[in-house]
Structures are given as structure tokens and as C-alpha cells.
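Enquirer: Have a peek at coords-v1.pdb (PDB, C-alpha atoms and all ligand atoms).
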```pdb
ATOM      1  CA  MET E   1      98.548 320.318  61.916
ATOM      2  CA  GLU E   2      99.043 316.794  60.571
ATOM      3  CA  ILE E   3     102.148 316.964  58.387
ATOM      4  CA  SER E   4     105.245 319.149  58.365
ATOM      5  CA  VAL E   5     107.713 318.806  55.518
ATOM      6  CA  ILE E   6     111.170 320.147  56.326
ATOM      7  CA  VAL E   7     113.544 321.046  53.517
ATOM      8  CA  PRO E   8     117.104 322.249  54.174
ATOM      9  CA  VAL E   9     118.258 324.552  51.394
ATOM     10  CA  PHE E  10     121.796 325.579  50.526
ATOM     11  CA  ASN E  11     122.277 327.275  47.152
ATOM     12  CA  GLU E  12     119.449 325.480  45.354
ATOM     13  CA  GLU E  13     117.917 328.364  43.364
ATOM     14  CA  GLU E  14     117.532 326.251  40.200
ATOM     15  CA  ASN E  15     115.592 323.513  41.988
ATOM     16  CA  LEU E  16     113.246 325.535  44.179
ATOM     17  CA  PRO E  17     110.420 326.427  41.750
ATOM     18  CA  GLU E  18     109.972 322.845  40.543
ATOM     19  CA  LEU E  19     110.370 321.443  44.051
ATOM     20  CA  THR E  20     107.710 323.769  45.449
ATOM     21  CA  ASP E  21     105.299 322.997  42.606
ATOM     22  CA  GLN E  22     105.755 319.263  43.123
ATOM     23  CA  LEU E  23     105.417 319.480  46.908
ATOM     24  CA  ILE E  24     102.219 321.485  46.749
ATOM     25  CA  SER E  25     100.693 319.248  44.090
ATOM     26  CA  VAL E  26     101.566 316.114  46.063
ATOM     27  CA  LEU E  27     100.444 317.374  49.470
ATOM     28  CA  ARG E  28      97.220 319.230  48.668
ATOM     29  CA  PRO E  29      95.312 316.172  47.297
ATOM     30  CA  LEU E  30      96.082 314.242  50.517
ATOM     31  CA  LYS E  31      93.351 316.257  52.252
ATOM     32  CA  LYS E  32      95.407 316.600  55.383
ATOM     33  CA  SER E  33      96.574 319.819  56.977
ATOM     34  CA  PHE E  34     100.214 320.395  56.169
ATOM     35  CA  GLU E  35     103.012 322.942  56.207
ATOM     36  CA  ILE E  36     106.289 323.160  54.322
ATOM     37  CA  LEU E  37     109.257 324.569  56.212
ATOM     38  CA  PHE E  38     112.106 325.741  54.052
ATOM     39  CA  VAL E  39     115.216 326.341  56.124
ATOM     40  CA  ASP E  40     117.729 328.387  54.188
ATOM     41  CA  ASP E  41     121.159 327.367  55.439
ATOM     42  CA  GLY E  42     122.946 330.599  54.543
ATOM     43  CA  SER E  43     122.630 330.345  50.758
ATOM     44  CA  LYS E  44     124.760 332.710  48.715
ATOM     45  CA  ASP E  45     122.536 332.589  45.628
ATOM     46  CA  ARG E  46     118.948 333.768  45.182
ATOM     47  CA  SER E  47     117.449 330.856  47.171
ATOM     48  CA  ALA E  48     116.408 333.018  50.121
ATOM     49  CA  GLU E  49     114.761 335.612  47.900
ATOM     50  CA  ILE E  50     112.843 332.951  45.968
ATOM     51  CA  LEU E  51     111.707 331.184  49.131
ATOM     52  CA  LYS E  52     110.606 334.408  50.702
ATOM     53  CA  SER E  53     108.342 335.149  47.759
ATOM     54  CA  PHE E  54     106.962 331.585  47.866
ATOM     55  CA  SER E  55     106.182 331.914  51.560
ATOM     56  CA  GLN E  56     104.120 334.998  50.770
ATOM     57  CA  LYS E  57     102.376 333.287  47.876
ATOM     58  CA  TYR E  58     101.504 329.976  49.556
ATOM     59  CA  PRO E  59      99.945 330.040  53.044
ATOM     60  CA  GLU E  60     101.325 326.536  53.730
ATOM     61  CA  ILE E  61     104.952 327.641  53.377
ATOM     62  CA  LEU E  62     107.057 328.858  56.267
ATOM     63  CA  PHE E  63     110.458 330.244  55.433
ATOM     64  CA  ILE E  64     113.257 330.314  57.994
ATOM     65  CA  ARG E  65     116.565 331.874  57.126
ATOM     66  CA  LEU E  66     119.716 331.050  59.080
ATOM     67  CA  ASN E  67     122.302 333.800  59.167
ATOM     68  CA  ARG E  68     125.062 331.599  57.745
ATOM     69  CA  ASN E  69     125.855 328.024  56.711
ATOM     70  CA  TYR E  70     125.538 325.603  59.636
ATOM     71  CA  GLY E  71     125.220 322.329  57.718
ATOM     72  CA  GLN E  72     122.297 320.228  56.599
ATOM     73  CA  HIS E  73     121.622 318.561  59.944
ATOM     74  CA  SER E  74     121.566 321.786  61.931
ATOM     75  CA  ALA E  75     119.175 323.250  59.371
ATOM     76  CA  ILE E  76     116.871 320.255  59.775
ATOM     77  CA  LEU E  77     116.997 320.585  63.575
ATOM     78  CA  CYS E  78     115.941 324.199  63.200
ATOM     79  CA  GLY E  79     113.039 323.008  61.042
ATOM     80  CA  PHE E  80     112.113 320.366  63.646
ATOM     81  CA  HIS E  81     112.076 323.058  66.282
ATOM     82  CA  HIS E  82     109.537 325.172  64.430
ATOM     83  CA  ALA E  83     107.412 322.403  62.947
ATOM     84  CA  LYS E  84     103.876 322.005  64.248
ATOM     85  CA  GLY E  85     102.942 318.715  62.539
ATOM     86  CA  GLU E  86     102.191 315.347  64.128
ATOM     87  CA  ILE E  87     104.364 313.725  61.459
ATOM     88  CA  LEU E  88     107.553 315.388  60.312
ATOM     89  CA  VAL E  89     109.023 314.584  56.923
ATOM     90  CA  THR E  90     112.532 315.577  55.852
ATOM     91  CA  LEU E  91     113.381 315.978  52.187
ATOM     92  CA  ASP E  92     116.404 317.265  50.265
ATOM     93  CA  ALA E  93     115.852 320.267  48.034
ATOM     94  CA  ASP E  94     117.686 318.848  45.030
ATOM     95  CA  LEU E  95     114.793 316.664  43.732
ATOM     96  CA  GLN E  96     116.993 313.551  43.794
ATOM     97  CA  ASN E  97     114.248 311.981  45.903
ATOM     98  CA  PRO E  98     110.971 313.110  44.320
ATOM     99  CA  PRO E  99     108.274 314.587  46.626
ATOM    100  CA  SER E 100     105.837 312.123  45.017
ATOM    101  CA  GLU E 101     107.298 309.445  47.342
ATOM    102  CA  ILE E 102     106.066 311.244  50.470
ATOM    103  CA  PRO E 103     102.591 309.610  50.478
ATOM    104  CA  LYS E 104     104.308 306.207  50.507
ATOM    105  CA  LEU E 105     106.139 307.126  53.721
ATOM    106  CA  LEU E 106     102.965 308.530  55.276
ATOM    107  CA  LYS E 107     101.078 305.347  54.454
ATOM    108  CA  LYS E 108     103.731 303.265  56.181
ATOM    109  CA  MET E 109     103.603 305.606  59.188
ATOM    110  CA  GLU E 110      99.904 304.777  59.556
ATOM    111  CA  GLU E 111     100.929 301.234  60.433
ATOM    112  CA  GLY E 112     102.279 302.666  63.666
ATOM    113  CA  PHE E 113     106.001 303.066  63.027
ATOM    114  CA  GLU E 114     107.890 305.889  64.724
ATOM    115  CA  VAL E 115     110.321 306.386  61.856
ATOM    116  CA  VAL E 116     109.981 305.431  58.243
ATOM    117  CA  GLY E 117     113.102 305.878  56.168
ATOM    118  CA  GLY E 118     113.417 305.722  52.423
ATOM    119  CA  TYR E 119     116.157 303.643  50.880
ATOM    120  CA  ARG E 120     117.445 304.611  47.514
ATOM    121  CA  GLN E 121     116.580 301.755  45.232
ATOM    122  CA  SER E 122     118.776 302.447  42.262
ATOM    123  CA  ARG E 123     120.977 305.132  43.610
ATOM    124  CA  GLN E 124     122.164 307.543  40.954
ATOM    125  CA  ASP E 125     125.328 308.855  42.520
ATOM    126  CA  SER E 126     128.929 308.254  41.529
ATOM    127  CA  ILE E 127     130.600 305.083  42.750
ATOM    128  CA  LEU E 128     132.955 307.211  44.876
ATOM    129  CA  ARG E 129     129.928 308.539  46.735
ATOM    130  CA  ARG E 130     128.295 305.102  47.044
ATOM    131  CA  ILE E 131     131.166 303.041  48.458
ATOM    132  CA  PRO E 132     131.576 305.145  51.636
ATOM    133  CA  SER E 133     127.783 305.133  52.062
ATOM    134  CA  TYR E 134     127.779 301.329  51.966
ATOM    135  CA  PHE E 135     130.288 301.102  54.805
ATOM    136  CA  VAL E 136     128.633 303.897  56.759
ATOM    137  CA  ALA E 137     125.310 302.033  56.586
ATOM    138  CA  LYS E 138     126.950 298.793  57.766
ATOM    139  CA  ILE E 139     128.885 300.390  60.637
ATOM    140  CA  THR E 140     126.031 302.644  61.729
ATOM    141  CA  SER E 141     123.644 299.688  61.734
ATOM    142  CA  LYS E 142     126.005 297.954  64.171
ATOM    143  CA  LEU E 143     126.590 301.002  66.373
ATOM    144  CA  VAL E 144     122.976 302.112  66.611
ATOM    145  CA  GLN E 145     121.823 298.482  66.683
ATOM    146  CA  VAL E 146     119.075 299.189  64.186
ATOM    147  CA  PRO E 147     119.989 297.590  60.862
ATOM    148  CA  LEU E 148     119.023 299.772  57.907
ATOM    149  CA  LYS E 149     119.860 299.443  54.226
ATOM    150  CA  ASP E 150     120.420 303.156  53.822
ATOM    151  CA  TYR E 151     121.404 305.606  56.535
ATOM    152  CA  GLY E 152     122.175 308.410  54.118
ATOM    153  CA  CYS E 153     118.778 308.871  52.519
ATOM    154  CA  MET E 154     117.222 311.983  53.981
ATOM    155  CA  LEU E 155     113.705 311.329  52.717
ATOM    156  CA  ARG E 156     112.294 310.187  56.058
ATOM    157  CA  ALA E 157     109.192 310.546  58.189
ATOM    158  CA  TYR E 158     109.313 310.907  61.981
ATOM    159  CA  LYS E 159     106.664 310.899  64.657
ATOM    160  CA  LYS E 160     106.422 314.105  66.674
ATOM    161  CA  SER E 161     107.222 312.452  70.028
ATOM    162  CA  LEU E 162     110.433 311.039  68.583
ATOM    163  CA  VAL E 163     111.475 314.427  67.258
ATOM    164  CA  GLN E 164     110.948 315.813  70.760
ATOM    165  CA  ALA E 165     113.468 313.252  72.026
ATOM    166  CA  ILE E 166     115.930 314.262  69.312
ATOM    167  CA  LEU E 167     115.521 317.940  70.164
ATOM    168  CA  SER E 168     116.017 317.320  73.870
ATOM    169  CA  SER E 169     119.435 315.757  73.254
ATOM    170  CA  GLU E 170     121.521 318.850  73.187
ATOM    171  CA  GLU E 171     124.435 317.526  71.205
ATOM    172  CA  VAL E 172     126.231 319.751  68.790
ATOM    173  CA  SER E 173     127.440 317.076  66.388
ATOM    174  CA  THR E 174     124.378 315.277  65.163
ATOM    175  CA  TYR E 175     123.510 312.848  62.460
ATOM    176  CA  ILE E 176     119.729 312.861  62.561
ATOM    177  CA  PRO E 177     118.779 309.468  61.043
ATOM    178  CA  ALA E 178     121.115 307.649  63.440
ATOM    179  CA  LEU E 179     120.045 309.696  66.460
ATOM    180  CA  ALA E 180     116.383 309.078  65.630
ATOM    181  CA  ASN E 181     116.891 305.341  65.299
ATOM    182  CA  SER E 182     118.736 305.171  68.593
ATOM    183  CA  TYR E 183     115.555 306.427  70.337
ATOM    184  CA  ALA E 184     112.889 304.840  68.148
ATOM    185  CA  SER E 185     110.940 301.780  69.236
ATOM    186  CA  SER E 186     109.817 300.816  65.726
ATOM    187  CA  VAL E 187     111.563 301.596  62.477
ATOM    188  CA  ALA E 188     110.564 300.744  58.916
ATOM    189  CA  GLU E 189     112.176 301.270  55.534
ATOM    190  CA  VAL E 190     110.457 301.693  52.185
ATOM    191  CA  PRO E 191     112.081 301.828  48.749
ATOM    192  CA  VAL E 192     112.069 305.299  47.178
ATOM    193  CA  LEU E 193     113.049 306.570  43.763
ATOM    194  CA  HIS E 194     116.366 308.307  43.367
ATOM    195  CA  SER E 195     117.621 310.189  40.362
ATOM    196  CA  ALA E 196     120.796 312.033  39.519
ATOM    197  CA  ARG E 197     120.993 315.712  40.385
ATOM    198  CA  ARG E 198     119.670 317.532  37.342
ATOM    199  CA  ARG E 199     120.526 321.049  38.462
ATOM    200  CA  GLY E 200     123.136 322.487  40.756
ATOM    201  CA  GLU E 201     125.860 320.372  42.309
ATOM    202  CA  SER E 202     126.356 318.315  45.461
ATOM    203  CA  LYS E 203     126.981 320.494  48.501
ATOM    204  CA  TYR E 204     129.282 317.915  50.038
ATOM    205  CA  ASN E 205     132.976 317.837  49.324
ATOM    206  CA  LEU E 206     135.318 315.179  50.680
ATOM    207  CA  LEU E 207     136.161 317.179  53.795
ATOM    208  CA  LYS E 208     132.520 317.859  54.677
ATOM    209  CA  LEU E 209     131.700 314.169  54.174
ATOM    210  CA  LEU E 210     134.606 313.080  56.374
ATOM    211  CA  HIS E 211     133.495 315.489  59.051
ATOM    212  CA  LEU E 212     129.926 314.209  58.925
ATOM    213  CA  ASN E 213     131.028 310.582  59.102
ATOM    214  CA  PHE E 214     133.362 311.265  61.989
ATOM    215  CA  ASP E 215     130.452 312.965  63.755
ATOM    216  CA  LEU E 216     128.470 309.824  63.169
ATOM    217  CA  MET E 217     131.161 307.463  64.475
ATOM    218  CA  THR E 218     132.217 309.463  67.485
ATOM    219  CA  SER E 219     128.750 310.384  68.638
ATOM    220  CA  PHE E 220     127.577 306.786  68.736
ATOM    221  CA  SER E 221     130.586 304.903  70.011
ATOM    222  CA  LEU E 222     134.091 305.060  71.317
ATOM    223  CA  LEU E 223     135.054 302.525  68.671
ATOM    224  CA  PRO E 224     137.770 304.551  66.894
ATOM    225  CA  ILE E 225     139.570 305.323  70.126
ATOM    226  CA  GLN E 226     139.095 301.785  71.432
ATOM    227  CA  LEU E 227     140.637 300.387  68.252
ATOM    228  CA  ILE E 228     143.704 302.535  68.859
ATOM    229  CA  GLY E 229     143.910 301.174  72.397
ATOM    230  CA  ILE E 230     143.691 297.570  71.227
ATOM    231  CA  ALA E 231     146.261 298.190  68.482
ATOM    232  CA  GLY E 232     148.509 299.750  71.142
ATOM    233  CA  VAL E 233     148.334 296.637  73.343
ATOM    234  CA  ILE E 234     149.024 294.281  70.441
ATOM    235  CA  ILE E 235     151.948 296.360  69.238
ATOM    236  CA  SER E 236     153.545 296.623  72.690
ATOM    237  CA  LEU E 237     153.286 292.844  73.105
ATOM    238  CA  THR E 238     154.926 292.325  69.718
ATOM    239  CA  GLY E 239     157.526 294.912  70.740
ATOM    240  CA  ILE E 240     158.381 292.957  73.905
ATOM    241  CA  LEU E 241     158.638 289.680  72.008
ATOM    242  CA  PHE E 242     160.838 291.346  69.421
ATOM    243  CA  SER E 243     163.199 292.782  72.055
ATOM    244  CA  LEU E 244     163.504 289.352  73.643
ATOM    245  CA  PHE E 245     164.327 287.959  70.214
ATOM    246  CA  LEU E 246     166.988 290.641  69.652
ATOM    247  CA  LEU E 247     168.458 289.968  73.087
ATOM    248  CA  GLY E 248     168.560 286.247  72.380
ATOM    249  CA  MET E 249     170.251 286.761  69.012
ATOM    250  CA  ARG E 250     172.811 289.040  70.594
ATOM    251  CA  LEU E 251     173.664 286.445  73.232
ATOM    252  CA  ILE E 252     173.936 283.677  70.645
ATOM    253  CA  LYS E 253     175.655 285.543  67.800
ATOM    254  CA  GLY E 254     177.576 288.152  69.783
ATOM    255  CA  SER E 255     177.738 291.954  69.617
ATOM    256  CA  GLU E 256     178.623 291.977  65.911
ATOM    257  CA  TRP E 257     175.067 291.023  65.091
ATOM    258  CA  ALA E 258     173.572 293.603  67.435
ATOM    259  CA  VAL E 259     175.317 296.486  65.675
ATOM    260  CA  GLN E 260     173.864 295.432  62.386
ATOM    261  CA  GLY E 261     170.506 295.307  64.103
ATOM    262  CA  VAL E 262     170.564 299.060  64.735
ATOM    263  CA  PHE E 263     168.550 299.720  61.648
ATOM    264  CA  THR E 264     165.912 297.233  62.650
ATOM    265  CA  LEU E 265     165.590 299.142  65.889
ATOM    266  CA  PHE E 266     165.137 302.388  63.972
ATOM    267  CA  GLY E 267     162.437 300.709  61.965
ATOM    268  CA  ILE E 268     160.607 299.650  65.083
ATOM    269  CA  LEU E 269     161.060 303.057  66.651
ATOM    270  CA  PHE E 270     159.503 304.862  63.721
ATOM    271  CA  PHE E 271     156.604 302.474  63.833
ATOM    272  CA  PHE E 272     155.976 303.312  67.484
ATOM    273  CA  VAL E 273     156.343 307.039  66.918
ATOM    274  CA  GLY E 274     153.824 306.841  64.093
ATOM    275  CA  LEU E 275     151.415 304.979  66.288
ATOM    276  CA  GLN E 276     151.733 307.525  69.062
ATOM    277  CA  VAL E 277     151.089 310.420  66.735
ATOM    278  CA  LEU E 278     148.030 308.623  65.441
ATOM    279  CA  ALA E 279     146.790 308.017  68.985
ATOM    280  CA  ILE E 280     147.323 311.643  69.921
ATOM    281  CA  GLY E 281     145.475 312.749  66.805
ATOM    282  CA  MET E 282     142.570 310.488  67.639
ATOM    283  CA  MET E 283     142.406 311.772  71.213
ATOM    284  CA  GLY E 284     142.601 315.314  69.889
ATOM    285  CA  GLU E 285     139.546 314.623  67.748
ATOM    286  CA  TYR E 286     137.586 313.484  70.802
ATOM    287  CA  ILE E 287     138.807 316.303  73.008
ATOM    288  CA  GLY E 288     137.937 318.786  70.273
ATOM    289  CA  ARG E 289     134.437 317.410  70.199
ATOM    290  CA  ILE E 290     134.143 317.484  73.997
ATOM    291  CA  TYR E 291     135.202 321.120  73.864
ATOM    292  CA  GLN E 292     132.522 321.860  71.315
ATOM    293  CA  GLU E 293     129.882 320.116  73.394
ATOM    294  CA  VAL E 294     130.756 321.833  76.675
ATOM    295  CA  ARG E 295     130.681 325.265  75.093
ATOM    296  CA  ARG E 296     127.009 324.584  74.380
ATOM    297  CA  ARG E 297     126.893 327.034  71.560
ATOM    298  CA  PRO E 298     123.550 327.269  69.825
ATOM    299  CA  ARG E 299     123.484 325.076  66.760
ATOM    300  CA  TYR E 300     122.235 327.865  64.532
ATOM    301  CA  ARG E 301     121.023 331.458  64.564
ATOM    302  CA  ILE E 302     117.882 332.529  62.805
ATOM    303  CA  GLN E 303     118.006 335.690  60.753
ATOM    304  CA  GLU E 304     114.348 335.876  59.800
ATOM    305  CA  ILE E 305     111.135 333.884  59.630
ATOM    306  CA  VAL E 306     108.594 334.653  56.940
ATOM    307  CA  SER E 307     105.124 333.216  56.607
ATOM    308  CA  SER E 308     101.901 334.690  55.389
ATOM    309  CA  LYS E 309     100.047 332.896  58.203
ATOM    310  CA  ARG E 310     102.260 332.574  61.257
ATOM    311  CA  GLU E 311     103.219 336.185  61.867
ATOM    312  CA  GLY E 312     105.903 336.856  64.445
ATOM    313  CA  VAL E 313     106.699 333.211  65.188
TER
HETATM  314  N1  LIG L   1     122.441 321.283  52.483
HETATM  315  C1  LIG L   1     122.333 322.245  53.491
HETATM  316  N2  LIG L   1     123.479 322.708  54.063
HETATM  317  C2  LIG L   1     124.713 322.250  53.715
HETATM  318  C3  LIG L   1     124.802 321.245  52.717
HETATM  319  C4  LIG L   1     123.646 320.777  52.130
HETATM  320  O1  LIG L   1     121.237 322.669  53.849
HETATM  321  O2  LIG L   1     125.703 322.711  54.271
HETATM  322  C5  LIG L   1     121.192 320.781  51.847
HETATM  323  C6  LIG L   1     121.168 320.866  50.318
HETATM  324  O3  LIG L   1     120.651 322.090  49.871
HETATM  325  C7  LIG L   1     120.233 319.725  49.968
HETATM  326  C8  LIG L   1     120.528 318.692  51.049
HETATM  327  O4  LIG L   1     121.109 319.408  52.131
HETATM  328  O5  LIG L   1     118.869 320.103  50.073
HETATM  329  C9  LIG L   1     121.430 317.566  50.582
HETATM  330  O6  LIG L   1     122.596 318.084  49.979
HETATM  331  P1  LIG L   1     123.229 317.443  48.661
HETATM  332  O7  LIG L   1     122.145 317.075  47.708
HETATM  333  O8  LIG L   1     124.265 318.373  48.166
HETATM  334  O9  LIG L   1     123.890 316.138  49.239
HETATM  335  P2  LIG L   1     124.128 314.768  48.464
HETATM  336  O10 LIG L   1     122.865 314.404  47.737
HETATM  337  O11 LIG L   1     125.277 315.001  47.558
HETATM  338  O12 LIG L   1     124.433 313.808  49.573
HETATM  339 MG    MG L   2     121.512 315.313  46.849
END
```
Write out the structure in this file as C-alpha cells.

Expert:
Amino acid sequence: MEISVIVPVFNEEENLPELTDQLISVLRPLKKSFEILFVDDGSKDRSAEILKSFSQKYPEILFIRLNRNYGQHSAILCGFHHAKGEILVTLDADLQNPPSEIPKLLKKMEEGFEVVGGYRQSRQDSILRRIPSYFVAKITSKLVQVPLKDYGCMLRAYKKSLVQAILSSEEVSTYIPALANSYASSVAEVPVLHSARRRGESKYNLLKLLHLNFDLMTSFSLLPIQLIGIAGVIISLTGILFSLFLLGMRLIKGSEWAVQGVFTLFGILFFFVGLQVLAIGMMGEYIGRIYQEVRRRPRYRIQEIVSSKREGV
């Protein structure tokens, strides 16, 4: 098998027929053996039903159904696990990145890169969605030490050996593009088309996005917790200087002044208390994640696998 295309699907019933048509009509003319793995991430609509019928209609389609919603990245990992191709391509189901861009990625892969990522040329998402992405790309580039224009675009191609490395890292919180780049020896980026979502709506709300970005930050660095530490040191130093100042003023101006300073002290105290709560919260976040990792729970559970070719996989 030369190419595996992996598509995570969560409530995308309106997009699936067109997506499947486009995928098949893009991949068949390439004259390479390929498979399409649809991983249904616990959809509540008719997605699973539709995909199941497609997998019976097209021999190239493998349908995997997870028993509930585990998130886009877990769904992709499940797809990686079952893919047989030498090159693995990930693609969103919402047609924002058209399947017609896949050959472009494959062509770039032929130059010998281990990962080829798409970057969304004229990204058609709201400004509120784009600003965080800009910072995420900048920070991730620093943390992973592989500068990329776009870390959020999921239209990407990976070499099989690299995917093996990703699969062997048994982390629970994963952000695949960053994890891949941290192992890859050569990475390339090609511009890809991006359009607004025509049907259905974004599956990410603010909370899910925050969670994903925190996964990204905490799994690649200790930066957030180190920042707290540094802030702590700076604030304690300022605190000491300030106390010396208060002491000095009291000696010079007498106790009268010190009594009026009580409120200043309250101010400082609240500041410290706030900082401590923040630090505890931050540590809690890390400890929570450590707890999740040590439990070593499986990242997903498969409910069924349907394919007209690969029976009983
Ligand atoms: N998705 C998924 N599980 C989730 C959320 C999203 O499998 O919990 C899939 C979704 O069906 C789509 C892709 O991940 O194929 C990207 O989601 P979406 O387009 O909503 O993200 P956005 O484009 O807003 O970043
Ligand atoms: Mg989308």
C-alpha cells in the first residue's frame, strides 16, 4: 500500500458525500495503491451510518468507529495505528482544505521529506480563531525548534517510519503536528487552499481549544511553570526591597506613618496571595496531566471496523 488518507470525523454528515467523491476522484488517477481511513470520533448524527455504507461501496475505504468522542488527535492516532500505507496523509472532513491539494503534498514528499505540512494561504476563519493560531505557531516553533508558518493545518503528509515513532510515544495528551516535527529529520511546508466551512460548524469551542493548546504547551516544555517560578523570584525580591523601604520610612517618619501604611501592606498581601493561587493552579494542571499519563488509559476504544476488503482487522 502506497498511500493512506486518514480523516477524523465528528458530526460531519453534510460533508461526507462530497468529501468521499472528491477523495476518490483525486486519488484514483494517481495510479498508486491507496486506502481511505475514516475514523468516526463518536458522532451523534448519521456520519457513522453514511461512512459504513461508503466502506461497503468502495473497496478503498476502511471505516473505524470509536465508541465515543475522544478528540481529533486521538482519532487520527487510531487511524495511524490501522493504516498500511508508506505515506500517511491526514485531512479534515469539513472540506476547508480541499482533497485536490493532496497530490501537491505527495509530490513534495518525493523529494525525500519526512513530513510535509500544508499552510493555509488565505485562511478563511474568523479573526478570533486566527489570532490564537498565530501565537501558537510562533510559540510551538520555538518549543519544538522547527519553525513552521502554520501548526494548526491538519492537511499533512507523514512518512511511515515517522508515524511509528509517534505511535511508540505513549503520551495521552498529544498534538500530532508538533510531536511529528519533534522527531522528524526533514520538514517541508507547501501552501494549500483554505475555504470557509460551507456546511456544519466548527467542532472546537473555546474550552476545547484552550485544552488543546495547553496540551501543546505542557507536553513540549515546562515553560508555563518556569515562568511562574521566575515571576515568584522577581516578586519576592521586590517584596524584600519594599519591606526595607517601609522599615526605613517608619524609622524616619515615625510610627504615625506606619499605621497609614497598613493598607499598602494589604495591597501587597493580596498580590502575593493571588500569585500563590496562580502557582498552585499551574502545578495542579501539571499534576493532573501526570496523573493522566501514569494511568496509561488507552487513548480510544474501537466499537467496530468495517471494510469490504479487510475483514476482521
Ligand atoms: N474532529 C474530531 N473530533 C473532535 C473534534 C473535531 O474528529 O472532537 C474532526 C472534525 O470532524 C473535522 C476535524 O476534526 O474533520 C477538524 O475539526 P473542525 O473543522 O471543527 O476544526 P476547525 O477547522 O474549526 O479548527
Ligand atoms: Mg475545520

Enquirer: Show which residues sit within 9 Å of Ser4 of chain E, as a list of chain:residue names. Count all atoms listed in the file, and ignore same-chain residues fewer than 4 positions away.

Expert: E:Ser33, E:Phe34, E:Glu35, E:Ile36, E:Leu37, E:Phe80, E:Ala83, E:Lys84, E:Gly85, E:Glu86, E:Ile87, E:Leu88, E:Val89, E:Thr90

Enquirer: In Å, with one decimal, what is the gap from atom CA of Arg197 of chain E to atom CA of Lys57 of chain E?

Expert: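 Between atom CA of Arg197 of chain E and atom CA of Lys57 of chain E the gap is 26.7 Å.
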
Enquirer: Around ligand LIG 1 (chain L), out to 6 Å and counting all atoms listed in the file, which residues are there? I want them as a PyMOL selection string.

Expert: chain E and resi 8-10+12+41+69+71-72+75+92-94+202-204

Enquirer: Please list as a list in words every residue within 8 Å of Tyr151 of chain E, counting all atoms listed in the file and excluding residues in the same chain fewer than 3 positions away.

Expert: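 The filter keeps Tyr119, Ser133, Val136, Ala137, Thr140, Leu148, Pro177 and Ala178 of chain E.
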
Enquirer: Check the smallest atom-to-atom distance from each of E:Val187, E:Leu27, E:Ile252, E:Ile305 to Val39 of chain E using only C-alpha atoms, then report the winner.

Expert: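 Closest candidate: E:Ile305.
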
Enquirer: If you apply the PyMOL selection byres (((chain E and resi 47) around 10) and not hetatm) to this file, what residues do you get, as a VMD selection string?

Expert: chain E and resid 9 to 17 40 to 46 48 to 52

Enquirer: Using only C-alpha atoms and all ligand atoms, pick whichever of E:Pro98, E:Gly239, E:Gly288, E:Pro147 has the shortest atom-to-atom distance to ligand MG 2 (chain L).

Expert: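 Closest to ligand MG 2 (chain L) of all the choices is E:Pro98.
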
Enquirer: Using all atoms listed in the file, determine which residues lie at most 12 Å from Ser168 of chain E, disregarding the query and same-chain residues fewer than 6 positions distant; provide the list as a list in words.

Expert: Leu77, Phe80, His81, Ser161, Leu162, Leu179, Ala180 and Tyr183 of chain E

Enquirer: With all atoms listed in the file as the counted atoms, please give the residues lying no more than 12 Å from segment 207-222 of chain E, apart from itself and same-chain residues fewer than 6 positions off, as a count of residues only.

Expert: 47

Enquirer: Please report the interatomic distance between atom CA of Gln121 of chain E and atom CA of Val146 of chain E in Å with one decimal.

Expert: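 Separating atom CA of Gln121 of chain E from atom CA of Val146 of chain E is a distance of 19.3 Å.
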
Enquirer: What is the atom CA of Val273 of chain E-atom CA of Leu246 of chain E distance in Å, reported with one decimal?

Expert: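 Between atom CA of Val273 of chain E and atom CA of Leu246 of chain E the gap is 19.7 Å.
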
Enquirer: Counting all atoms listed in the file, which of E:Met1, E:Ala184, E:Ile302, E:Leu23 gets nearest to Gly79 of chain E?

Expert: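 Smallest distance to Gly79 of chain E is found for E:Ile302.
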
Enquirer: May I ask which of the residues E:Glu201, E:Glu2, E:Glu111, E:Glu101 is the closest one to ligand MG 2 (chain L), counting all atoms listed in the file?

Expert: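 Distance minimum relative to ligand MG 2 (chain L) lands on E:Glu201.
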
Enquirer: Segment 105-117 of chain E, all listed atoms, 6 Å padding on each side: what axis-aligned box centre and edge lengths in Å to one decimal come out, as AutoDock Vina command-line options?

Expert:
```
--center_x 106.5 --center_y 304.9 --center_z 59.2 --size_x 25.2 --size_y 19.3 --size_z 23.0
```

Enquirer: Using only C-alpha atoms and a cutoff of 12 Å, can you tell me which residues are near (102.0, 324.8, 43.8) in the file's coordinates, and write them out as a VMD selection string?

Expert: chain E and resid 16 to 29 36 54 to 55 57 to 61
